[in-house]
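J.: Following this line is upload14.tsv, made up of TSV, C-alpha atoms:
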chain	number	residue	atom	x	y	z
A	1	MET	CA	0.00	0.00	0.00
A	2	ALA	CA	1.47	3.30	-1.02
A	3	VAL	CA	2.14	5.85	1.67
A	4	LEU	CA	1.67	9.48	0.77
A	5	VAL	CA	4.31	11.74	2.22
A	6	ILE	CA	3.30	15.39	2.38
A	7	ILE	CA	6.06	17.95	2.68
A	8	SER	CA	4.91	21.31	4.08
A	9	THR	CA	5.15	24.26	1.72
A	10	LEU	CA	7.37	26.24	4.02
A	11	ASN	CA	8.94	29.49	2.90
A	12	ILE	CA	12.48	28.16	2.42
A	13	CYS	CA	15.17	28.45	-0.17
A	14	SER	CA	16.00	25.45	-2.31
A	15	VAL	CA	18.21	22.88	-0.63
A	16	PRO	CA	19.33	20.58	-3.46
A	17	SER	CA	21.33	18.08	-1.38
A	18	SER	CA	18.64	17.52	1.24
A	19	ALA	CA	16.00	17.42	-1.50
A	20	ILE	CA	17.85	14.47	-2.99
A	21	ALA	CA	17.63	12.68	0.35
A	22	VAL	CA	13.92	13.42	0.67
A	23	GLU	CA	13.22	12.19	-2.87
A	24	ALA	CA	15.18	9.03	-2.25
A	25	ILE	CA	13.18	8.25	0.87
A	26	LYS	CA	9.91	9.06	-0.89
A	27	ASN	CA	10.80	6.52	-3.58
A	28	VAL	CA	11.38	3.87	-0.95
A	29	VAL	CA	8.17	4.73	0.90
A	30	GLU	CA	6.17	4.25	-2.27
A	31	LYS	CA	7.47	0.72	-2.84
A	32	PRO	CA	5.09	-1.74	-1.16
A	33	SER	CA	7.78	-4.41	-0.92
A	34	VAL	CA	9.93	-2.30	1.40
A	35	SER	CA	8.94	-1.92	5.04
A	36	LEU	CA	9.97	1.34	6.69
A	37	PHE	CA	9.04	0.21	10.15
A	38	THR	CA	9.88	-2.50	12.63
A	39	SER	CA	8.02	-3.63	15.70
A	40	PRO	CA	8.72	-1.03	18.38
A	41	LYS	CA	10.85	-2.10	21.31
A	42	PHE	CA	9.23	-0.84	24.48
A	43	VAL	CA	11.36	1.50	26.54
A	44	LEU	CA	11.39	0.38	30.14
A	45	LYS	CA	12.20	2.70	33.01
A	46	ASN	CA	14.79	0.22	34.29
A	47	SER	CA	16.64	0.16	30.94
A	48	ILE	CA	16.74	3.97	30.89
A	49	ALA	CA	18.72	3.97	34.13
A	50	ALA	CA	21.50	2.04	32.40
A	51	GLU	CA	21.89	4.58	29.56
A	52	GLU	CA	22.94	8.21	29.34
A	53	TYR	CA	20.61	10.87	27.97
A	54	SER	CA	21.46	14.52	27.57
A	55	PHE	CA	20.18	17.81	26.31
A	56	ALA	CA	22.66	20.50	25.20
A	57	ASN	CA	25.47	18.67	27.03
A	58	GLU	CA	23.44	18.65	30.27
A	59	THR	CA	23.01	15.06	31.40
A	60	LEU	CA	19.57	13.96	32.56
A	61	PRO	CA	19.62	12.55	36.13
A	62	VAL	CA	18.12	9.21	35.08
A	63	LYS	CA	18.95	7.58	38.41
A	64	ASP	CA	15.97	9.53	39.75
A	65	ALA	CA	12.81	7.41	39.46
A	66	GLU	CA	10.57	10.34	38.48
A	67	VAL	CA	12.99	11.40	35.73
A	68	ARG	CA	13.01	7.83	34.38
A	69	ARG	CA	9.22	7.72	34.44
A	70	ARG	CA	8.83	11.00	32.56
A	71	LEU	CA	11.49	10.13	29.99
A	72	ALA	CA	10.02	6.67	29.38
A	73	HIS	CA	6.61	8.25	28.84
A	74	SER	CA	7.97	10.74	26.28
A	75	LEU	CA	9.95	8.07	24.43
A	76	GLN	CA	6.94	5.79	24.14
A	77	LYS	CA	4.61	8.67	23.20
A	78	HIS	CA	6.86	9.61	20.26
A	79	GLY	CA	7.60	6.04	19.12
A	80	PHE	CA	6.14	4.70	15.87
A	81	LYS	CA	3.43	2.78	17.71
A	82	ASN	CA	1.83	6.10	18.69
A	83	VAL	CA	3.02	8.40	15.90
A	84	GLY	CA	2.32	6.03	12.99
A	85	SER	CA	4.40	8.02	10.47
A	86	ASN	CA	7.99	8.90	9.60
A	87	ILE	CA	7.12	12.39	8.34
A	88	LEU	CA	9.15	14.10	11.09
A	89	GLN	CA	12.30	12.21	10.11
A	90	ILE	CA	11.83	13.21	6.48
A	91	LYS	CA	11.27	16.86	7.37
A	92	ALA	CA	14.30	16.77	9.63
A	93	ILE	CA	16.38	15.70	6.63
A	94	GLN	CA	15.02	18.62	4.64
A	95	LEU	CA	15.35	21.34	7.27
A	96	PHE	CA	18.20	20.45	9.62
A	97	PRO	CA	20.80	21.53	7.02
A	98	ILE	CA	19.26	25.02	7.19
A	99	ILE	CA	18.84	25.16	10.97
A	100	GLU	CA	22.16	23.65	12.11
A	101	PRO	CA	24.57	26.30	10.73
A	102	ILE	CA	22.41	29.12	12.09
A	103	LEU	CA	22.43	27.58	15.58
A	104	LYS	CA	26.20	27.20	15.35
A	105	ALA	CA	26.67	30.79	14.21
A	106	TYR	CA	24.82	32.07	17.29
A	107	GLY	CA	26.51	29.67	19.71
A	108	ILE	CA	23.33	27.71	20.42
A	109	PRO	CA	23.75	23.98	21.18
A	110	ASP	CA	22.90	21.72	18.26
A	111	ASP	CA	20.22	19.91	20.30
A	112	PHE	CA	17.93	22.94	19.92
A	113	LYS	CA	17.31	21.84	16.33
A	114	TYR	CA	14.85	19.33	17.79
A	115	VAL	CA	12.73	22.09	19.34
A	116	PRO	CA	10.69	22.69	16.15
A	117	LEU	CA	9.83	18.98	16.05
A	118	VAL	CA	8.23	19.41	19.45
A	119	GLU	CA	6.84	22.91	18.91
A	120	SER	CA	5.19	22.48	15.53
A	121	GLY	CA	6.19	19.19	14.00
A	122	PHE	CA	7.80	21.37	11.33
A	123	GLY	CA	4.33	22.49	10.36
A	124	GLU	CA	2.75	25.83	9.58
A	125	GLY	CA	-0.22	25.74	11.92
A	126	VAL	CA	-1.37	28.52	14.20
A	127	SER	CA	-1.90	27.61	17.84
A	128	SER	CA	-5.03	28.59	19.74
A	129	LYS	CA	-2.95	31.32	21.40
A	130	GLY	CA	-1.71	32.75	18.09
A	131	ALA	CA	1.77	31.18	17.92
A	132	LYS	CA	2.80	30.42	14.36
A	133	GLY	CA	5.53	28.95	12.21
A	134	LEU	CA	8.40	26.54	12.68
A	135	TRP	CA	9.39	27.96	16.06
A	136	GLN	CA	5.82	28.84	17.11
A	137	PHE	CA	6.46	32.52	17.79
A	138	MET	CA	3.77	34.72	19.25
A	139	PRO	CA	3.41	37.97	17.22
A	140	GLY	CA	4.85	40.22	19.95
A	141	THR	CA	7.86	38.01	20.65
A	142	ALA	CA	8.50	37.66	16.91
A	143	ARG	CA	8.62	41.43	16.49
A	144	THR	CA	10.88	41.80	19.54
A	145	TYR	CA	13.47	39.56	17.89
A	146	GLY	CA	13.38	41.19	14.49
A	147	LEU	CA	10.61	39.49	12.53
A	148	LYS	CA	8.03	41.42	10.52
A	149	VAL	CA	4.49	40.42	11.40
A	150	ASN	CA	1.68	42.47	9.88
A	151	GLY	CA	-1.21	42.21	7.47
A	152	ASP	CA	1.09	41.96	4.46
A	153	ILE	CA	3.94	39.77	5.66
A	154	ASP	CA	4.60	37.21	8.38
A	155	GLU	CA	8.26	36.32	8.67
A	156	ARG	CA	7.45	33.65	11.25
A	157	MET	CA	6.90	31.46	8.17
A	158	SER	CA	10.47	31.94	6.92
A	159	VAL	CA	12.68	29.08	8.10
A	160	ARG	CA	15.89	31.08	7.98
A	161	LYS	CA	14.57	34.32	9.47
A	162	SER	CA	12.54	32.61	12.19
A	163	THR	CA	15.53	30.44	13.14
A	164	VAL	CA	17.72	33.53	13.48
A	165	ALA	CA	15.04	35.11	15.69
A	166	ALA	CA	14.77	31.91	17.75
A	167	CYS	CA	18.55	31.90	18.26
A	168	LYS	CA	18.48	35.48	19.53
A	169	TYR	CA	15.64	34.64	21.91
A	170	ILE	CA	17.25	31.42	23.18
A	171	ARG	CA	20.56	33.21	23.71
A	172	SER	CA	18.82	35.87	25.80
A	173	LEU	CA	17.11	33.15	27.86
A	174	TYR	CA	20.43	31.42	28.49
A	175	THR	CA	21.96	34.73	29.59
A	176	GLU	CA	19.13	35.11	32.10
A	177	PHE	CA	19.01	31.55	33.50
A	178	ASN	CA	22.58	30.31	32.85
A	179	SER	CA	21.24	26.88	31.86
A	180	TRP	CA	20.29	25.55	28.45
A	181	THR	CA	17.68	23.30	30.04
A	182	LEU	CA	16.03	26.24	31.77
A	183	ALA	CA	16.34	28.27	28.57
A	184	ALA	CA	14.36	25.57	26.77
A	185	ALA	CA	11.75	25.52	29.53
A	186	ALA	CA	11.47	29.32	29.37
A	187	TYR	CA	11.09	29.15	25.59
A	188	ASN	CA	7.99	27.06	26.21
A	189	ASN	CA	6.56	28.75	29.27
A	190	GLY	CA	7.93	32.29	29.08
A	191	GLU	CA	10.77	33.72	31.14
A	192	ILE	CA	8.50	35.59	33.58
A	193	LYS	CA	6.52	32.47	34.56
A	194	LEU	CA	9.65	30.39	34.88
A	195	GLU	CA	11.37	33.03	37.00
A	196	HIS	CA	8.35	33.12	39.32
A	197	ALA	CA	8.42	29.33	39.63
A	198	ILE	CA	12.12	29.38	40.49
A	199	ASN	CA	11.63	32.07	43.13
A	200	ASN	CA	8.52	30.49	44.65
A	201	GLN	CA	10.08	27.03	44.86
A	202	SER	CA	13.63	28.15	45.68
A	203	GLU	CA	14.71	25.65	43.07
A	204	ASP	CA	16.47	26.15	39.73
A	205	ASN	CA	16.97	22.52	38.71
A	206	TYR	CA	14.44	21.87	35.94
A	207	PHE	CA	14.22	18.18	36.80
A	208	LEU	CA	13.28	18.91	40.42
A	209	MET	CA	10.83	21.73	39.77
A	210	HIS	CA	7.03	21.55	39.80
A	211	LEU	CA	5.85	23.12	36.54
A	212	ASN	CA	2.70	23.01	34.45
A	213	GLY	CA	2.21	19.77	32.56
A	214	GLU	CA	3.37	21.02	29.16
A	215	THR	CA	6.53	22.68	30.44
A	216	ALA	CA	7.32	19.82	32.82
A	217	ALA	CA	7.32	17.45	29.82
A	218	TYR	CA	9.00	19.84	27.38
A	219	VAL	CA	12.68	18.93	27.76
A	220	TYR	CA	11.80	15.25	27.97
A	221	ASN	CA	9.96	15.58	24.66
A	222	ILE	CA	12.97	17.25	23.05
A	223	VAL	CA	15.25	14.47	24.29
A	224	ALA	CA	12.75	11.90	23.00
A	225	MET	CA	12.82	13.52	19.54
A	226	LYS	CA	16.61	13.48	19.60
A	227	GLN	CA	16.71	9.78	20.46
A	228	ILE	CA	14.15	8.88	17.81
A	229	ILE	CA	16.06	10.70	15.08
A	230	LEU	CA	19.41	9.23	16.14
A	231	GLN	CA	18.18	5.71	16.99
A	232	PRO	CA	15.01	5.22	14.91
A	233	GLU	CA	14.92	1.43	14.92
A	234	LYS	CA	14.93	1.30	18.70
A	235	TYR	CA	11.58	3.10	18.70
A	236	GLY	CA	9.88	1.27	15.84
A	237	PHE	CA	11.09	3.29	12.84
A	238	LYS	CA	13.26	1.85	10.09
A	239	PRO	CA	14.36	4.65	7.74
A	240	TYR	CA	16.09	4.01	4.44
A	241	PHE	CA	19.12	6.05	5.49
A	242	LYS	CA	21.13	5.64	8.68
A	243	PRO	CA	21.41	8.83	10.82
A	244	ALA	CA	25.05	9.41	9.82
A	245	GLU	CA	24.05	9.21	6.14
A	246	LEU	CA	21.06	11.47	6.61
A	247	PHE	CA	23.09	14.38	7.92
A	248	ALA	CA	25.89	13.80	5.42
A	249	PHE	CA	23.63	15.66	2.99
A	250	ASN	CA	24.25	18.90	4.90
For the file at hand, write its structure as structure tokens.
T.:
Amino acid sequence: MAVLVIISTLNICSVPSSAIAVEAIKNVVEKPSVSLFTSPKFVLKNSIAAEEYSFANETLPVKDAEVRRRLAHSLQKHGFKNVGSNILQIKAIQLFPIIEPILKAYGIPDDFKYVPLVESGFGEGVSSKGAKGLWQFMPGTARTYGLKVNGDIDERMSVRKSTVAACKYIRSLYTEFNSWTLAAAAYNNGEIKLEHAINNQSEDNYFLMHLNGETAAYVYNIVAMKQIILQPEKYGFKPYFKPAELFAFN
């Protein structure tokens, strides 16, 4: 049975090398004799304790039972059994070559390239609160970091420009919180709310803080996306290219 892969019509410049990779995968997807997926291997909390997981070179304290529980939940939630598609891997191939050098230029850890997978699934939708684009910027925040948002133009839909704006915002969050993990949490929840939570709880360790459900799961979801892209078969996916080959197209 043929599988239709839909690539979002994002406002990006042509990326010939990554386009080759996408086309190659599309050809494989359309062949009924080739299976892209394997039976997912369930991620157990006990097995997590024996491995090392990190975000932006900050190691997750997986010896903590609650951390293991949250990470296991995120890994299973984003596995093929629940997602049912490899569209995120294909879009990562197309867009990571654009995002990665911009992150590097602004001194932002490479792991932040997984944020759009969590924020928007590399889609173009508008959230109920008005956030839009790859990095899900609110109009006011977008304008603060240099994007034009008006009735005629919305630069939140430009991959390059919105990534530059995201880098500026993330860098300012890191300057404020001195932690990439907290910067990611603040990107999701807003710096004012996160600062209040830190002050009220007298705690600045993300993994020990009590936050709203979405923000409490946010870094775990980013780490889950990272693991699924780097180790797809472990979570039920079986892409045509190995991770090292995918990013060789950059």
J.: One number please: CA of Ala185 (chain A) to CA of Gly236 (chain A), in Å, one decimal.
T.: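 Taking CA of Ala185 (chain A) and CA of Gly236 (chain A), their separation equals 27.9 Å.
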J.: Determine the nearest neighbour of Phe207 (chain A) from the options A:Lys63, A:His73, A:Lys113, A:Lys234, counting all atoms listed in the file.
T.: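 Checking each of A:Lys63, A:His73, A:Lys113, A:Lys234 against Phe207 (chain A), counting all atoms listed in the file, the winner is A:Lys63.
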J.: Report, in Å to a single decimal, how far apart CA of Trp135 (chain A) and CA of Asp154 (chain A) are.
T.: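 About the pair CA of Asp154 (chain A) and CA of Trp135 (chain A): they are 12.9 Å apart.
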J.: List as a ChimeraX atom specification the protein and nucleic acid residues near Val223 (chain A), meaning an atom at most 9 Å away when only C-alpha atoms are counted, but skip any in the same chain fewer than 2 places from it.
T.: /A:53-55,71,74-75,111,114,218-221,225-228
J.: Those selected residues, please, written with C-alpha atoms and delivered as an mmCIF file, in the coordinates of the input.
T.:
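The new file selection.cif reads:
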data_model
loop_
_atom_site.group_PDB
_atom_site.id
_atom_site.type_symbol
_atom_site.label_atom_id
_atom_site.label_comp_id
_atom_site.auth_asym_id
_atom_site.auth_seq_id
_atom_site.Cartn_x
_atom_site.Cartn_y
_atom_site.Cartn_z
ATOM 1 C CA TYR A 53 20.610 10.870 27.970
ATOM 2 C CA SER A 54 21.460 14.520 27.570
ATOM 3 C CA PHE A 55 20.180 17.810 26.310
ATOM 4 C CA LEU A 71 11.490 10.130 29.990
ATOM 5 C CA SER A 74 7.970 10.740 26.280
ATOM 6 C CA LEU A 75 9.950 8.070 24.430
ATOM 7 C CA ASP A 111 20.220 19.910 20.300
ATOM 8 C CA TYR A 114 14.850 19.330 17.790
ATOM 9 C CA TYR A 218 9.000 19.840 27.380
ATOM 10 C CA VAL A 219 12.680 18.930 27.760
ATOM 11 C CA TYR A 220 11.800 15.250 27.970
ATOM 12 C CA ASN A 221 9.960 15.580 24.660
ATOM 13 C CA MET A 225 12.820 13.520 19.540
ATOM 14 C CA LYS A 226 16.610 13.480 19.600
ATOM 15 C CA GLN A 227 16.710 9.780 20.460
ATOM 16 C CA ILE A 228 14.150 8.880 17.810
#
J.: Using all atoms listed in the file, which protein or nucleic acid residues come within 8 Å of Arg160 (chain A)? Drop anything in the same chain fewer than 4 positions from it, and give the result as a list in words.
T.: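 What passes the distance filter is Ile12, Ile98, Ile99, Ile102 and Val164 of chain A.
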J.: Could you list, as number ranges by chain, every residue within 9 Å of region 139-149 of chain A, counting all atoms listed in the file and ignoring same-chain residues fewer than 4 positions away?
T.: A: 130-132, 153-156, 161-162, 164-166, 168-169
J.: Mind giving me the axis-aligned box for region 161-167 of chain A with 4 Å on every side, centre plus edges in Å to one decimal, as JSON?
T.:
{"center_x": 15.5, "center_y": 32.8, "center_z": 13.9, "size_x": 14.0, "size_y": 12.7, "size_z": 16.8}
J.: Using all atoms listed in the file, which of the listed residues (A:Pro61, A:Asn199, A:Thr163, A:Ile170) sits closest to Glu100 (chain A)?
T.: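 Closest candidate: A:Thr163.
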J.: Enter the distance from CA of Asp110 (chain A) to CA of Tyr187 (chain A), in Å, rounded to one decimal.
T.: 15.8 Å
J.: Kindly indicate which residue among A:Ser172, A:Asn189, A:Ser179, A:Ser127 lies nearest to Ala216 (chain A), using only C-alpha atoms for the distances.
T.: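 Ranking A:Ser172, A:Asn189, A:Ser179, A:Ser127 by distance to Ala216 (chain A), first place goes to A:Asn189.
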J.: Under the rule that only C-alpha atoms are counted, which of A:Arg171, A:Arg68, A:His196, A:His210 is the nearest residue to Phe112 (chain A)?
T.: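 Smallest separation from Phe112 (chain A) among the options: A:Arg171.
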J.: Here is a test: counting all atoms listed in the file, which residue of A:Ala217, A:Ala56, A:Phe237, A:Ile229 is nearest to Ile93 (chain A)?
T.: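 The shortest atom-to-atom distance to Ile93 (chain A) comes from A:Ile229.
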J.: Considering all atoms listed in the file, can you say which of A:Leu88, A:Ile108, A:Ala224, A:Val67 comes closest to Ala183 (chain A)?
T.: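 Closest candidate: A:Ile108.
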J.: Just the residues within 12 Å of Asn200 (chain A), please, counting only C-alpha atoms, with nothing from its chain fewer than 4 positions along; format it as a list in words.
T.: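 Within the cut-off, the hits are Lys193, Leu194, Glu195, His196, Asp204, Met209, His210 and Leu211 of chain A.
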J.: Please output region 77-101 of chain A, rebuilt to include N, CA and C atoms, as an mmCIF file, keeping the file's coordinate frame.
T.:
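Once everything was written out, this is part_14.cif:
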data_model
loop_
_atom_site.group_PDB
_atom_site.id
_atom_site.type_symbol
_atom_site.label_atom_id
_atom_site.label_comp_id
_atom_site.auth_asym_id
_atom_site.auth_seq_id
_atom_site.Cartn_x
_atom_site.Cartn_y
_atom_site.Cartn_z
ATOM 1 N N LYS A 77 5.608 7.805 23.849
ATOM 2 C CA LYS A 77 4.610 8.670 23.200
ATOM 3 C C LYS A 77 5.045 9.036 21.784
ATOM 4 N N HIS A 78 6.363 9.193 21.568
ATOM 5 C CA HIS A 78 6.860 9.610 20.260
ATOM 6 C C HIS A 78 7.357 8.446 19.411
ATOM 7 N N GLY A 79 7.220 7.205 19.903
ATOM 8 C CA GLY A 79 7.600 6.040 19.120
ATOM 9 C C GLY A 79 6.611 5.795 17.985
ATOM 10 N N PHE A 80 6.981 4.941 17.041
ATOM 11 C CA PHE A 80 6.140 4.700 15.870
ATOM 12 C C PHE A 80 4.769 4.137 16.242
ATOM 13 N N LYS A 81 4.710 3.368 17.307
ATOM 14 C CA LYS A 81 3.430 2.780 17.710
ATOM 15 C C LYS A 81 2.376 3.846 17.930
ATOM 16 N N ASN A 82 2.775 5.014 18.441
ATOM 17 C CA ASN A 82 1.830 6.100 18.690
ATOM 18 C C ASN A 82 1.804 7.139 17.575
ATOM 19 N N VAL A 83 2.954 7.375 16.935
ATOM 20 C CA VAL A 83 3.020 8.400 15.900
ATOM 21 C C VAL A 83 2.469 7.885 14.577
ATOM 22 N N GLY A 84 2.856 6.664 14.193
ATOM 23 C CA GLY A 84 2.320 6.030 12.990
ATOM 24 C C GLY A 84 2.820 6.608 11.687
ATOM 25 N N SER A 85 3.887 7.400 11.691
ATOM 26 C CA SER A 85 4.400 8.020 10.470
ATOM 27 C C SER A 85 5.863 8.401 10.660
ATOM 28 N N ASN A 86 6.592 8.458 9.543
ATOM 29 C CA ASN A 86 7.990 8.900 9.600
ATOM 30 C C ASN A 86 8.153 10.300 9.023
ATOM 31 N N ILE A 87 7.071 11.070 8.950
ATOM 32 C CA ILE A 87 7.120 12.390 8.340
ATOM 33 C C ILE A 87 8.096 13.329 9.042
ATOM 34 N N LEU A 88 8.232 13.211 10.372
ATOM 35 C CA LEU A 88 9.150 14.100 11.090
ATOM 36 C C LEU A 88 10.597 13.817 10.714
ATOM 37 N N GLN A 89 10.932 12.533 10.531
ATOM 38 C CA GLN A 89 12.300 12.210 10.110
ATOM 39 C C GLN A 89 12.592 12.787 8.737
ATOM 40 N N ILE A 90 11.626 12.701 7.837
ATOM 41 C CA ILE A 90 11.830 13.210 6.480
ATOM 42 C C ILE A 90 11.979 14.730 6.492
ATOM 43 N N LYS A 91 11.167 15.407 7.296
ATOM 44 C CA LYS A 91 11.270 16.860 7.370
ATOM 45 C C LYS A 91 12.554 17.295 8.059
ATOM 46 N N ALA A 92 13.023 16.459 8.993
ATOM 47 C CA ALA A 92 14.300 16.770 9.630
ATOM 48 C C ALA A 92 15.417 16.747 8.594
ATOM 49 N N ILE A 93 15.379 15.792 7.681
ATOM 50 C CA ILE A 93 16.380 15.700 6.630
ATOM 51 C C ILE A 93 16.353 16.960 5.769
ATOM 52 N N GLN A 94 15.172 17.456 5.501
ATOM 53 C CA GLN A 94 15.020 18.620 4.640
ATOM 54 C C GLN A 94 15.457 19.922 5.313
ATOM 55 N N LEU A 95 15.184 20.046 6.613
ATOM 56 C CA LEU A 95 15.350 21.340 7.270
ATOM 57 C C LEU A 95 16.551 21.461 8.205
ATOM 58 N N PHE A 96 17.050 20.359 8.735
ATOM 59 C CA PHE A 96 18.200 20.450 9.620
ATOM 60 C C PHE A 96 19.412 21.106 8.946
ATOM 61 N N PRO A 97 19.661 20.851 7.650
ATOM 62 C CA PRO A 97 20.800 21.530 7.020
ATOM 63 C C PRO A 97 20.671 23.046 7.002
ATOM 64 N N ILE A 98 19.454 23.569 7.116
ATOM 65 C CA ILE A 98 19.260 25.020 7.190
ATOM 66 C C ILE A 98 19.429 25.492 8.638
ATOM 67 N N ILE A 99 18.868 24.752 9.572
ATOM 68 C CA ILE A 99 18.840 25.160 10.970
ATOM 69 C C ILE A 99 20.211 25.039 11.645
ATOM 70 N N GLU A 100 20.909 23.930 11.390
ATOM 71 C CA GLU A 100 22.160 23.650 12.110
ATOM 72 C C GLU A 100 23.209 24.762 12.010
ATOM 73 N N PRO A 101 23.535 25.257 10.797
ATOM 74 C CA PRO A 101 24.570 26.300 10.730
ATOM 75 C C PRO A 101 24.162 27.607 11.397
#
